[in-house]
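Structure first, commentary second.
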Amino acid sequence: MAISHAQPLLLLFVYLFFLPAALGTAIEFSNGQHHIYDGVVTVTKVEIIPYPIKFHDNPIFKITAVSSQSLVEKWLTMTFTSLGGISSGDGNIGITNKKFYLCDVTKCPIEPGRPFVITLANVYAVQRNDHLSGENKVSLFINDIEGKPSLFHMYAEFKFHASALARFTNFPRLNGVTVSKVEIFPFNVTVNDNPVFRITADTPKNITSSTTVSATMVYEGKSELLPRPLIAKSSRTGYKICDSSYHCPITPGGLVLTFPHPYWRYKIEAGRYSVQVQIINQNFPFQESMNLLFWFWVSEA
């Protein structure tokens with residue numbers, strides 16, 4: 001069968017435009033910021049796949065490094081620290097540690113002067129009520145097997161974002177919901193993304209399953225300055241409260257609402273958007289328990 005001259009060009013096109021996205025994004029990092037780091041292993045590159053991280057993504061971390069000596073019988077420890085105060089959907093605050101046998105996450109033997117790649121997949125539980133959020137710091141260190149006190153042969157740190165905090169206004173309602181945080185996934189929304197919103201709040205009373213979360217998203221233009229578009233592009237969607245919350249029925253205390261953007265009528269374009277979110281009891285349509293307004297920006301791809 002004859003091979004078309006266009007096929008090699010097509011393969012080159014696929015390689016240039018699709019492969020880089022699959023390889024992930026290089027992240028800034030630092031080496032040796034610990035008093036017991038002995039400098040044996042030096043990290044040369046850190047990648048996150050995919051990046052930016054979208055809601056419920058379970059990213060892969062790839063760390064390229066080089067050692068000045070052979071490494072056998074070592075542990076790799078990975079520590080997540082949430083810098084935004086909330087590390088999971090249930091509001092837990094703190095540090096998450098993961099420990100790996102080094103040869104399970106990289107090709108052994110590790111020889112002096114030869115670069116090796118550590119691949120860490122499924123290191124964070126991503127379930128409906130547990131996902132990476134806000135800004136995070138990751139610390140990585142290699143030391144001897146348990147029972148043998150040792151120096152850290154590798155110590156590296158890097159930071160990454162999973163979501164962005166939005167500026168918001170919470171309009172008070174009598175015995176209503178009080179919002180404390182509005183997050184947007186991914187942290188830098190582009191015209192190619194479908195953003196997801198996550199609202200952390202507190203309710204003083206029960207919220208019935210007949211309640212609806214009403215969200216209206218309005219395109220406000222490409223400038224912070226007036227005038228705004230004379231004819232605003234807006235779109236509204238209603239979500240059942242139990243489809244938007246991690247726990248239902250909702251009782252007094254902490255509340256987390258998560259839902260996709262409601263801008264279904266138009267194509268998302270670059271510029272500033274406002275989103276109004278209301279919690280309305282369908283049995284009493286004029287009874288609002290929350291009225292929230294927040295803003296975010298969308299950039300070109």
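Chain labels follow the order of the structure tokens: the first chain is A, the next B, and so on; residue numbering restarts at 1 in every chain, and ligands are counted from 1 in their shown order.
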
At a cut-off of 6 Å, using only C-alpha atoms, what residues contact Ser67 (chain A)? Leave out same-chain residues fewer than 4 positions from it and give the result as a compact mmCIF listing (two decimals) with N, CA, C and O atoms, in the first residue's frame.
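So out.txt came out as:
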# COMPACT_ATOMS: atom_id res chain seq x y z
N VAL A 40 23.36 13.88 48.70
CA VAL A 40 23.65 12.76 47.80
C VAL A 40 22.81 12.85 46.53
O VAL A 40 23.31 12.64 45.42
N VAL A 41 21.52 13.15 46.67
CA VAL A 41 20.60 13.21 45.53
C VAL A 41 20.20 14.66 45.26
O VAL A 41 19.83 15.39 46.18
N PRO A 112 25.38 5.97 40.27
CA PRO A 112 25.93 7.33 40.40
C PRO A 112 26.01 8.05 39.06
O PRO A 112 26.45 7.47 38.06
N GLY A 113 25.58 9.29 39.04
CA GLY A 113 25.69 10.13 37.85
C GLY A 113 24.67 9.90 36.78
O GLY A 113 24.63 10.64 35.79

| message | Write out as a VMD selection string the set of residues from region 39-172 of chain A that DSSP, computed on the backbone, places in alpha helix (DSSP H). | response | chain A and resid 102 to 105

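We find CA of Ile199 (chain A) and CA of Ser180 (chain A) to be spaced 7.8 Å apart.
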
Long-range neighbours of Ile241 (chain A) as an mmCIF file with C-alpha atoms, in the first residue's frame, 6 Å cut-off, only C-alpha atoms, 2 positions minimum in chain:
data_model
loop_
_atom_site.group_PDB
_atom_site.id
_atom_site.type_symbol
_atom_site.label_atom_id
_atom_site.label_comp_id
_atom_site.auth_asym_id
_atom_site.auth_seq_id
_atom_site.Cartn_x
_atom_site.Cartn_y
_atom_site.Cartn_z
ATOM 1 C CA THR A 211 -34.151 23.251 48.260
ATOM 2 C CA THR A 212 -32.482 24.420 45.040
ATOM 3 C CA VAL A 213 -29.111 26.037 44.447
ATOM 4 C CA ASP A 243 -26.708 16.927 44.083
ATOM 5 C CA SER A 244 -24.476 19.837 45.099
#

| query | Got a sec to tell me which of region 43-256 of chain A DSSP assigns to strand (DSSP E), as an NGL selection string? | reply | :A and (43-49 or 60-67 or 74-82 or 95-101 or 116-120 or 135-144 or 154-161 or 164-165 or 167-170 or 178-185 or 196-203 or 211-221 or 233-240 or 253-256)

| Which of these residues is nearest to Ile145 (chain A), using only C-alpha atoms: A:Pro115, A:Asn283, A:Asn170, A:Leu102? | A:Leu102

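Proximity of A:Phe284, A:Phe116, A:Phe158, A:Tyr37 to Thr64 (chain A), computed with only C-alpha atoms, is greatest for A:Phe116.
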
| message | I'd like the contact shell of Gln287 (chain A) - 12 Å cut-off, only C-alpha atoms, skipping same-chain residues fewer than 3 positions apart - returned as a PyMOL selection string. | response | chain A and resi 173-176+207+211-212+278-284+290-291

Got time to write the residues from that selection, N, CA and C atoms, as a CSV table (one decimal), in the first residue's frame?
chain,number,residue,atom,x,y,z
A,173,ARG,N,-28.8,37.0,55.4
A,173,ARG,CA,-30.2,36.6,55.5
A,173,ARG,C,-30.4,36.2,56.9
A,174,LEU,N,-31.6,36.5,57.4
A,174,LEU,CA,-32.0,36.1,58.8
A,174,LEU,C,-31.9,34.6,59.0
A,175,ASN,N,-31.1,34.1,59.9
A,175,ASN,CA,-30.9,32.7,60.1
A,175,ASN,C,-30.4,32.0,58.9
A,176,GLY,N,-29.6,32.8,58.1
A,176,GLY,CA,-29.2,32.3,56.8
A,176,GLY,C,-27.8,31.7,56.8
A,207,ILE,N,-31.5,22.3,56.2
A,207,ILE,CA,-31.9,22.7,54.8
A,207,ILE,C,-32.5,21.5,54.2
A,211,THR,N,-34.8,22.0,48.5
A,211,THR,CA,-34.2,23.3,48.3
A,211,THR,C,-33.3,23.2,47.0
A,212,THR,N,-33.2,24.3,46.3
A,212,THR,CA,-32.5,24.4,45.0
A,212,THR,C,-31.3,25.4,45.2
A,278,GLN,N,-27.8,31.5,44.9
A,278,GLN,CA,-28.9,31.6,45.9
A,278,GLN,C,-29.3,30.2,46.3
A,279,ILE,N,-29.7,30.0,47.6
A,279,ILE,CA,-30.3,28.8,48.1
A,279,ILE,C,-31.7,29.1,48.4
A,280,ILE,N,-32.6,28.4,47.6
A,280,ILE,CA,-34.1,28.8,47.7
A,280,ILE,C,-34.9,27.5,48.0
A,281,ASN,N,-35.7,27.6,49.0
A,281,ASN,CA,-36.7,26.5,49.3
A,281,ASN,C,-37.8,26.6,48.3
A,282,GLN,N,-38.0,25.5,47.5
A,282,GLN,CA,-39.0,25.5,46.5
A,282,GLN,C,-40.4,25.5,47.1
A,283,ASN,N,-40.6,25.1,48.3
A,283,ASN,CA,-41.9,25.2,48.9
A,283,ASN,C,-42.3,26.6,49.3
A,284,PHE,N,-41.2,27.4,49.5
A,284,PHE,CA,-41.4,28.9,49.8
A,284,PHE,C,-40.5,29.7,48.9
A,290,MET,N,-29.5,31.8,51.4
A,290,MET,CA,-28.2,32.3,51.0
A,290,MET,C,-28.3,33.2,49.7
A,291,ASN,N,-27.6,34.3,49.7
A,291,ASN,CA,-27.5,35.1,48.5
A,291,ASN,C,-26.0,35.6,48.4

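CA of Met154 (chain A) lies 11.4 Å from CA of Met78 (chain A).
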
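The gap separating CA of Phe152 (chain A) from CA of Tyr101 (chain A) is 14.7 Å, in Å to one decimal.
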
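Shortest atom-to-atom contact with Pro195 (chain A) among A:Val275, A:Val72, A:Val138, A:Val177: A:Val275, counting only C-alpha atoms.
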
| Near Thr178 (chain A), within 7 Å and counting only C-alpha atoms, which residues show up once chain neighbours fewer than 5 positions away are dropped, as a ChimeraX atom specification? | /A:201-203

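In this comparison, which uses only C-alpha atoms, the residue of A:Asn194, A:Thr200, A:Gln276, A:Asn206 approaching Val298 (chain A) most closely is A:Asn194.
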